[in-house]
Every structure is written in structure tokens, then in C-alpha cells.
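Q: First the structure, which I've put down as C-alpha cells, then a few questions once you've had a look.
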Amino acid sequence: MAQVLADLVAGLAAGQVKVVDLTKPLSPETPIIPLGPPAKQPPNMVIETNNKYDSRGPTSYSNTLHVWEHTGTHFDAPIHWVTGKDLPNNACDTILPQKFIGPACVLDMTAEAAKNPDFLLMPEHIHEWERRHGRIPAGAWVLIRTDWSKREGAAFLNVDANGAHSPGQHVSASRFLAYERDVIGLGVETVGTDAGQAHRFDPPLPNHYTMHGAGKFGLASLCNLDQLPPTGAVVIAAPLKIVNGSGSPARVLALVAN
Ligand code: MN
């Protein structure tokens, strides 16, 4: 099986395997999900220069980061939600590392999200995708493409007097993916893996509630999903090994055959 890795390395060198960056830039400008009371609103990221070839360290440059675990393109671990708090291997440092690499199934919901910013993925959308592309395999990442990552400024969080309006999953779709398909997790282009209005749902934040309760993961604020085929890409998504971490900004990559 060593040949598999040799083929991968050769494919990367020859451009037959393309690396697609699914990660957005991470900075103090990165938008933070508006949680609303009673939750404590997390701060924006702060990048504090420690030294920059100056009196604080003339031969080097380094920063100190102050960052909420769920900032920007990031990984959600099962321990993030109360439903997953007692599961084994549920935190950033204890998740088995082979779970950080898996096949991607990309569901294109761009048209639906363009028509309705509060669009919710239903099991019917998944069934329709499977009729065309085959059954979602166990251990797959399901990535919901909405082109939401192309929204800039205030249009990304899309908040009005009633709160945020951005697409997400109906609880029945999350349950189907977790329990009928045994996916590794679900990734989205929006700021979090639930709809903007999902704090009003029953249960609140049903995708977090369901997926993390089932030991599944989340990826939020992805981009470049329009560069992925419906099947065949391989996702590499590893959080920092934060002890007992609930999540972490991550450099999320996809390998795509050219
Ligand atoms: Mn998160």
C-alpha cells in the first residue's frame, strides 16, 4: 500500500491532484457569530505583536493570538455541545487523528439559498442528491454549498431586527445524516453550522444538538466549495490539539483529482 502514498505525492507534483483551500483569512476583521442573550458574546480575534525585528526581539517576528475557538473557518468538536459533553474522544486533543481526513459529498444548495436566506436543508434534498450521485458513504464529510462565503461585509451575518438570516439544516436532515448515513460531520459556508434563526427552533441550534450528540463534527465558514466536485474530493480538516478544546480555527484543505 506504500504505492498509494507514492501515487499521491506524484499526483500532487504533476498537478493531477489539486489542493483547494477551503479556508478564509483569519484576522481581527473575521466576523463572530452573534450569539444573543443569555450567551456571552465572544470577542473578535486580537493579534498582538510580540516582537518584530526590533528591540523586543531584533532577529525575529512573532505574534500572540487571542482568539475564540469558534472564529472564522473552524472545526467543532462534539464536546462543544451539551449533548456531546460525555462522549468518549470528544475534544480537540482526544479525537482520533484518522477522523481528520475523509471523503467529501458536496450538496449544491446555491439556488435555494439565493431564493431564501433562511433556507433549511431537508432530507428530501439529500435523497435527490443521492439519486444523482449515489449513497453518502459512512465517514464522509457532507459539505453544503450555498455560495454564502461570497457575501461580503454585513451581508455575511445578514442580521436584521429579528436576528441573523442565513441557511442551515432542518433537524430531520441532521438526524438523517448522523444516524442513517453515519457521516463524520457537516460543513457549511455560513458563520456556524446552524441557520441564522436556529435559536428559535426546537431544539435550539438543532444541527449542533443532533450532530454533536451523535459524536459528529462541524466545519463552519468554509469557502471555495464551488471548486469541488459532488463526490471524489478528500477533505483534510484538523483542529489545533487544544487540551479539552471545544473547537479550533483550522486550515481546511481538499484534494481534488484534476
Ligand atoms: Mn463552532
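Going by the C-alpha cells order, chains are called A, B, ..., each with residues numbered from 1, while ligands are numbered from 1 in the order shown.
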Would you kindly return, as a list in words, each protein, DNA or RNA residue with an atom no farther than 7 Å from any atom of Asn63 in chain A, considering only C-alpha atoms and excluding same-chain residues fewer than 2 positions away?
A: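 Near Asn63 in chain A, the qualifying residues are Ile47, Glu48, Thr49, Asn50 and Leu65 of chain A.
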Q: Residues contacting ligand 1 - anything with an atom at most 9 Å away, using only C-alpha atoms and all ligand atoms - can you give me those as a PyMOL selection string?
A: chain A and resi 33+69-77+80+191-193+208+218-220+246-249
Q: Can you spit out the residues from that selection as a short mmCIF file (atom, residue, chain, number, x, y, z; two decimals), in the first residue's frame, using N, CA, C and O atoms?
A:
data_model
loop_
_atom_site.label_atom_id
_atom_site.label_comp_id
_atom_site.auth_asym_id
_atom_site.auth_seq_id
_atom_site.Cartn_x
_atom_site.Cartn_y
_atom_site.Cartn_z
N ILE A 33 -19.95 34.97 15.26
CA ILE A 33 -21.39 34.67 15.27
C ILE A 33 -22.08 35.48 16.38
O ILE A 33 -21.59 35.52 17.51
N GLU A 69 -12.38 29.97 20.18
CA GLU A 69 -12.18 28.70 19.45
C GLU A 69 -13.02 28.61 18.19
O GLU A 69 -12.67 27.89 17.26
N HIS A 70 -14.14 29.35 18.13
CA HIS A 70 -15.08 29.20 17.02
C HIS A 70 -15.03 30.39 16.06
O HIS A 70 -16.05 30.84 15.55
N THR A 71 -13.83 30.88 15.84
CA THR A 71 -13.62 32.05 14.99
C THR A 71 -13.23 31.64 13.57
O THR A 71 -12.33 30.81 13.39
N GLY A 72 -13.91 32.22 12.60
CA GLY A 72 -13.54 32.02 11.20
C GLY A 72 -13.74 30.58 10.75
O GLY A 72 -14.61 29.86 11.26
N THR A 73 -12.95 30.16 9.78
CA THR A 73 -13.02 28.77 9.32
C THR A 73 -12.54 27.88 10.46
O THR A 73 -11.39 27.97 10.87
N HIS A 74 -13.46 27.08 11.00
CA HIS A 74 -13.11 26.35 12.22
C HIS A 74 -13.81 25.01 12.31
O HIS A 74 -14.77 24.73 11.60
N PHE A 75 -13.29 24.21 13.22
CA PHE A 75 -13.74 22.84 13.49
C PHE A 75 -14.54 22.83 14.78
O PHE A 75 -14.11 23.44 15.78
N ASP A 76 -15.70 22.18 14.79
CA ASP A 76 -16.49 21.98 16.01
C ASP A 76 -16.32 20.54 16.49
O ASP A 76 -16.60 19.60 15.74
N ALA A 77 -15.89 20.38 17.73
CA ALA A 77 -15.77 19.04 18.32
C ALA A 77 -17.07 18.69 19.07
O ALA A 77 -17.80 19.59 19.49
N HIS A 80 -18.33 20.50 22.18
CA HIS A 80 -18.85 21.87 22.03
C HIS A 80 -20.31 21.95 22.50
O HIS A 80 -20.73 22.99 23.01
N VAL A 191 -21.44 31.26 9.12
CA VAL A 191 -20.58 31.51 10.29
C VAL A 191 -20.65 30.38 11.31
O VAL A 191 -19.72 30.19 12.11
N GLY A 192 -21.74 29.62 11.29
CA GLY A 192 -21.91 28.46 12.16
C GLY A 192 -22.69 27.39 11.42
O GLY A 192 -23.23 27.65 10.34
N THR A 193 -22.76 26.19 12.02
CA THR A 193 -23.40 25.08 11.30
C THR A 193 -24.91 25.02 11.48
O THR A 193 -25.54 24.05 11.06
N HIS A 208 -26.27 21.52 15.75
CA HIS A 208 -25.30 21.30 16.82
C HIS A 208 -25.80 20.21 17.78
O HIS A 208 -25.07 19.29 18.14
N GLY A 218 -18.26 19.42 13.10
CA GLY A 218 -18.75 20.51 12.27
C GLY A 218 -17.60 21.31 11.68
O GLY A 218 -16.51 21.36 12.26
N LEU A 219 -17.85 21.88 10.52
CA LEU A 219 -16.92 22.84 9.91
C LEU A 219 -17.74 24.05 9.50
O LEU A 219 -18.76 23.91 8.80
N ALA A 220 -17.32 25.24 9.91
CA ALA A 220 -18.05 26.46 9.58
C ALA A 220 -17.15 27.44 8.84
O ALA A 220 -15.92 27.32 8.89
N SER A 246 -13.01 22.82 22.59
CA SER A 246 -14.35 22.61 22.02
C SER A 246 -14.35 22.80 20.51
O SER A 246 -15.32 22.47 19.83
N GLY A 247 -13.27 23.34 20.00
CA GLY A 247 -13.16 23.61 18.57
C GLY A 247 -11.90 24.41 18.35
O GLY A 247 -11.19 24.73 19.30
N SER A 248 -11.64 24.73 17.09
CA SER A 248 -10.41 25.46 16.80
C SER A 248 -10.45 25.97 15.38
O SER A 248 -10.93 25.28 14.48
N PRO A 249 -9.92 27.18 15.18
CA PRO A 249 -9.66 27.57 13.80
C PRO A 249 -8.80 26.49 13.15
O PRO A 249 -7.95 25.89 13.81
#
Q: May I have the residues within 8 Å of Leu157 in chain A as a list in words, using only C-alpha atoms and disregarding those fewer than 5 positions away in the same chain?
A: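 Residues near the query, excluding close chain neighbours: Pro31, Ile33, Ala164, His165, Ser166, Thr190, Val191 and Gly196 of chain A.
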Q: Selected residues, N, CA and C atoms, written as a compact mmCIF listing (two decimals), in the first residue's frame, please.
A:
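After the write, selection.txt holds the following:
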# COMPACT_ATOMS: atom_id res chain seq x y z
N PRO A 31 -15.63 37.93 11.07
CA PRO A 31 -16.88 38.09 11.81
C PRO A 31 -17.11 36.96 12.82
N ILE A 33 -19.95 34.97 15.26
CA ILE A 33 -21.39 34.67 15.27
C ILE A 33 -22.08 35.48 16.38
N ALA A 164 -30.23 37.02 12.85
CA ALA A 164 -29.48 36.66 11.65
C ALA A 164 -30.33 35.82 10.71
N HIS A 165 -30.10 36.01 9.41
CA HIS A 165 -30.78 35.21 8.40
C HIS A 165 -29.73 34.58 7.50
N SER A 166 -29.53 33.29 7.71
CA SER A 166 -28.57 32.54 6.90
C SER A 166 -29.02 31.07 6.90
N THR A 190 -21.53 29.21 6.07
CA THR A 190 -22.01 30.26 6.97
C THR A 190 -21.16 30.29 8.26
N VAL A 191 -21.44 31.26 9.12
CA VAL A 191 -20.58 31.51 10.29
C VAL A 191 -20.65 30.38 11.31
N GLY A 196 -29.28 30.93 10.73
CA GLY A 196 -29.25 32.18 11.49
C GLY A 196 -30.38 32.30 12.50
Q: Which residues are near range 197-205 of chain A? Cut-off 10 Å, only C-alpha atoms, ignore same chain within fewer than 2 positions. Put them as a list in words.
A: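 After dropping sequence-adjacent residues, the list is Leu35, Gly36, Trp81, Asp118, Leu120, Val159, Asn162, Gly163, Ala164, His165, Ser166, Pro167, Gly168, Gln169, His170, Val171, Gly192, Thr193, Asp194, Ala195, Asn207, His208, Tyr209 and Thr210 of chain A.
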Q: Could you name the residues that touch Pro137 in chain A at 10 Å or less, counting only C-alpha atoms, but leaving out those on the same chain fewer than 3 positions away, as a VMD selection string?
A: chain A and resid 103 to 105 134 140 to 142 181 to 184
Q: Nearest to Thr231 in chain A among A:Pro25, A:Gly57, A:Pro78, A:Gly102, with distances taken over only C-alpha atoms: which residue is it?
A: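 Looking at the shortest contact to Thr231 in chain A, the residue is A:Gly102.
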Q: For the structure I just gave you, how does DSSP split range 23-245 of chain A - specifically, which residues are strand (DSSP E)? Reply as a PyMOL selection string.
A: chain A and resi 46-54+57-66+74-76+101-108+120-121+141-145+159-160+163-164+168-169+185-188+217-220+234-236
Q: Please identify the helix (DSSP H, G or I) residues within range 158-249 of chain A (assignment by DSSP from backbone atoms) and present them as a list in words.
A: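 Here are the helix (DSSP H, G or I) residues of range 158-249 of chain A: Val171, Ser172, Ala173, Ser174, Arg175, Phe176, Leu177, Ala178, Tyr179, Glu180, Ala198, His199, Arg200, Pro206, Asn207, His208, Tyr209, Thr210, Met211, His212, Gly213, Leu225, Asp226 and Gln227 of chain A.
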Q: Would you mind reading off the distance between CA of Pro123 in chain A and CA of Asn90 in chain A, one decimal, in Å?
A: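 Computing it gives 26.3 Å between the two atoms.
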